[in-house]
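Structure record follows, encoded as structure tokens.
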Amino acid sequence: MVNPFFILHLTFLLICSLLDERVAEIAHVTYLHRGSSLSVKQASDVIRSPDGSFSFGLYNLSSTAFTLSIWFTNAADRAIAWTANRDRPVHGSGSKVTLNKDGSMVLRDYDGTVVWEVSKISAKVDRVELMDTGNLVMVDQGGNILWQSFEHPTDTLLPGQSLTATTKLVSTNPSHRSSYYTLRFDEQYILSLSYDEPHMSNLYWPNPDQNSWSNKRILYNSSRRGVLDKPGQFEASDNTSFIASDWGLDIKRRLTLDYDGNLRLYSLNKSDGSWYISWMAFSQLCDIHGLCGCNGICVYTPAAACTCPRGYVVMDPNDWSKGCKPQFSITCGKGVQQMGFVGIPWTDFWGSDTNFVMSASLDTCREVCLASCSCVAFVYKVYPHPHGCYLKSGLFNGKTTPGYPGVTYVKVPESFLSHSQANSSDSAHGHVCNELRTHTFNYAARVDEKGTAWYYYYSFLAAFFLVELCFIAVGWWFMTRKQSVCSVIWAAKDEEGFRVVADHFRSFTHKELQKATNNFMDELGHGRHGSVYKGILHDNRVVAVKKLKDMKGGEAEFETEVSVIGRIYHMNLVRVMGVCSEGTHRLLVYEFVENGSLDMFLFGSKGLLLQWHHRYKIAVGVAKGLAYLHHECMDWIIHCDVKPENILLDEEFEPKISDFGFAKLLQRDESDSDMSKVRGTRGYMAPEWVSSAPVTEKVDVYSFGVVLLELVMGHRMFELPTNGSGDAESALRQLLLMIGENKKISDGNWIDDLVDPRLNGDFVRPEVLLMLEVAALCLEQDKNQRPSMSDVVQKFLCR
């Protein structure tokens, strides 16, 4: 006999479960009515589509950065379908989107700044709702659509959403910002994929080497419309057509222009919420333009990977689209420097041709390129006939394909070439398959046409052997895991698109760092947060190891916060390479910056004079680094202690900001989000620190203004002579007042008394005036009157 209490208990649990589901449904907003808002504070501030497939609200890119987005509710990765403000994320605390009573929808940041808005379109706007199609609409009381997100796509097209003459898809980079790849109808009304960056633009789909007839496209169809239907078929007015491999109804799909430039159709797996690819434009990623950036080469190893030619190094290991930069400079004119060439077999750089020399010998091509200042390389083809060379004014869209009938010869100084052969620095960067680019052409021996053919034959055998060595080397690396992994771009059959792998951030043991620093013997300096020691890792990389003190919190929380900082990369920020968190030990491992901190030069500790061109370079670089922290990196970071001691200088006196993110580390366990407990350094602190005003990124702007004055004047601002006027703060106010009054004087002679006398008048007057003007703006008492760091960078760049 069944126990009645057991039945009653089961009934009670079932009722509770149904109530919980009902409460969960009620917790989410169905509509956004006039006068109401969505914010980060309330986790339930999310609009759901009636069938629950889509959600709309403030989407967390990180712990502090949010975008106003529509995403797939049931996808494991919460894939974003549309974003209003992807190039300008907002801070979580205090940010909200409001449907105003006048019919406008406005997204405001924590400080009230309008980040995005749909201006007043009609006083009849009644509500905002999210449809089952994923379309966000503003409607009147009758349900008539007055505005819709389907007319403003970002990087994704949903079934039923049209791509038209006035709309386009724009890819995002790994930080969820707009990138350079675009899907749009071009000037001939052909639906095309293009790479559009400020200095270059070209189409790469359909095949740019074929005409529209060969590509099966129809020119100048004025309708210019393409749409993906629900079963998974895409059709456009120019005859573009493709169909999903899993064609059929009842599957959630999205057509996305990924950040590698490939257009992919994704289908959602209901069982686990994962995505699988049901169609893509490119199965071979190296056919995509711009994938490896300027001077970069895409190779197959056998999957697609990026590498640099000899003499070039990667700009950003986390983002190969930034390409490679040369380790040398080329100057023109006879007698300046002797030039040579590095040969890269089977390699071509699409575009940037300045001339084609038909039926020319290799020596002729060499001489023609050497005689042209604009020629940075040439591609020599032996067949098909007629053979000849293509002169290149730039290296872009590089691709190595075994069997390609040509060799690219990159121009380099002969002095650098001999040096690089003896001391190749490329291996330090861990580029994929260095062997593919080690061939160097020797012009000492004359090569005729028949010799050239034999040269290709032997080059093929040699390259085949070297590729085998490459595979062995890669396999050995995976077995031993001794060397750091290079950033590799690959496409895999079961992968969603492609990923970037980098082993630039890792966990160290305390014993490893003890050994690297010789038991912390070589101290480089110390500060409020701990001491810094020089260390040498097992792979001979020189690093700076910082032993932190007063770091609260558990190991997992600490490593999580530091890993966020470790993912940040900018040429003007010191690279965080790893962390150690064992018991009470908290250590950070930084890249080693050769010239030490700015204060050691600026205030005479090193006994070396910092020349004016270096000072101006430092000012611009620090501004760029702070602008990146405030506006560009995914995680919203305020430095809170900008001063010369935290500005390091490399061999070329390029500045690198250190200790960024310490405010975040110090208060990760604090409940007070306005950072009122964090303090800077005397003389560099903004007025907000000593008042009850909330602290924002404008405290860094103020500190930057102080650093600018110190760069100009060559001494500490808090050591200004007071002349009986009171404290140093009063003296600083008087100095700023004087700058404001005198900057209108045309001759500018008044600045001579302000510039560091050790320069003996060796400075650029317009640059000094600009730095003083920017400093005065940054040091405004009212934080709202100070410029943002992105505005400061623009002032420097547009002088």
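In the structure tokens, each chain is lettered A, B, ... as it comes, each chain's residues begin at 1, and ligands are numbered from 1 in order of appearance.
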
| Shell of 10 Å around range 652-659 of chain A, only C-alpha atoms, local chain residues under 6 positions omitted, as a count of residues only | 38

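Restricting the calculation to only C-alpha atoms, the smallest distance between Ser507 in chain A and any of A:Gly683, A:Gly578, A:Gly761, A:Gly323 is found for A:Gly578.
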
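The nearest approach to Asp155 in chain A among the residues A:Gly714, A:Gly261, A:Gly740, A:Gly311, with only C-alpha atoms taken into account, belongs to A:Gly261.
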
| request: Give me the residues within 8 Å of Asp51 in chain A as a ChimeraX atom specification, counting only C-alpha atoms and dropping any in the same chain fewer than 3 places off. | output: /A:48,54,132

| Between A:His91, A:Trp320, A:Asn355, A:Asn749, which is the closest to Pro766 in chain A once you count only C-alpha atoms? | A:Asn749

| Which of A:Val106, A:Cys294, A:Val357, A:Leu268 sits closest to Met315 in chain A [using only C-alpha atoms] | A:Cys294

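Distance check against Lys96 in chain A using only C-alpha atoms: of A:Val114, A:Val342, A:Val532, A:Met200, the minimum falls on A:Val114.
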
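Interatomic distance, CA of Pro413 in chain A to CA of Gly340 in chain A: 5.7 Å.
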
| said: Here is a test: counting only C-alpha atoms, which residue of A:Ala544, A:Ile751, A:Cys369, A:Val90 is nearest to Met738 in chain A? | reply: A:Ile751

| message | So that I can see what lies close to range 146-150 of chain A, please list as a PyMOL selection string the residues with an atom at most 10 Å from it, counting only C-alpha atoms and leaving out residues fewer than 6 positions away in the same chain. | response | chain A and resi 70+82-84+118+121-122+124-126+128-130+133-140+157-158+160-163+167

| request: Take CA of Leu68 in chain A and CA of Ser267 in chain A and report the distance between them in Å, one decimal. | output: 23.6 Å

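Within 10 Å of Ala123 in chain A, once only C-alpha atoms are used and residues closer than 6 positions along the same chain are dropped, the contacting residues are A:Lys101, A:Asp102, A:Gly103, A:Ser104, A:Asp140.
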
Please dump the current selection as a PDB file, in the first residue's frame; keep N, CA and C atoms.
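Done, and the output landed in result-v4.pdb:
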ATOM      1  N   LYS A 101       9.273  59.075 -22.164  1.00  0.00           N
ATOM      2  CA  LYS A 101       7.868  59.353 -22.439  1.00  0.00           C
ATOM      3  C   LYS A 101       7.671  60.081 -23.758  1.00  0.00           C
ATOM      4  N   ASP A 102       8.750  60.693 -24.296  1.00  0.00           N
ATOM      5  CA  ASP A 102       8.618  61.386 -25.584  1.00  0.00           C
ATOM      6  C   ASP A 102       8.789  60.434 -26.770  1.00  0.00           C
ATOM      7  N   GLY A 103       9.000  59.133 -26.479  1.00  0.00           N
ATOM      8  CA  GLY A 103       9.118  58.148 -27.556  1.00  0.00           C
ATOM      9  C   GLY A 103      10.537  57.795 -27.938  1.00  0.00           C
ATOM     10  N   SER A 104      11.529  58.365 -27.270  1.00  0.00           N
ATOM     11  CA  SER A 104      12.923  58.047 -27.571  1.00  0.00           C
ATOM     12  C   SER A 104      13.415  56.932 -26.649  1.00  0.00           C
ATOM     13  N   ASP A 140       3.417  51.164 -31.609  1.00  0.00           N
ATOM     14  CA  ASP A 140       2.376  51.995 -31.011  1.00  0.00           C
ATOM     15  C   ASP A 140       1.328  51.095 -30.363  1.00  0.00           C
TER      16      ASP A 140
END

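Our summary of the geometry notes that CA of Ala686 in chain A is positioned 27.0 Å from CA of Cys798 in chain A.
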
| task | List every residue of range 24-107 of chain A that DSSP, applied to the backbone of this structure, assigns to strand (DSSP E or B), and report them as number ranges by chain. | result | A: 29, 32-33, 37-39, 47-48, 54-60, 65-72, 80-83, 90-91, 96-99, 105-107
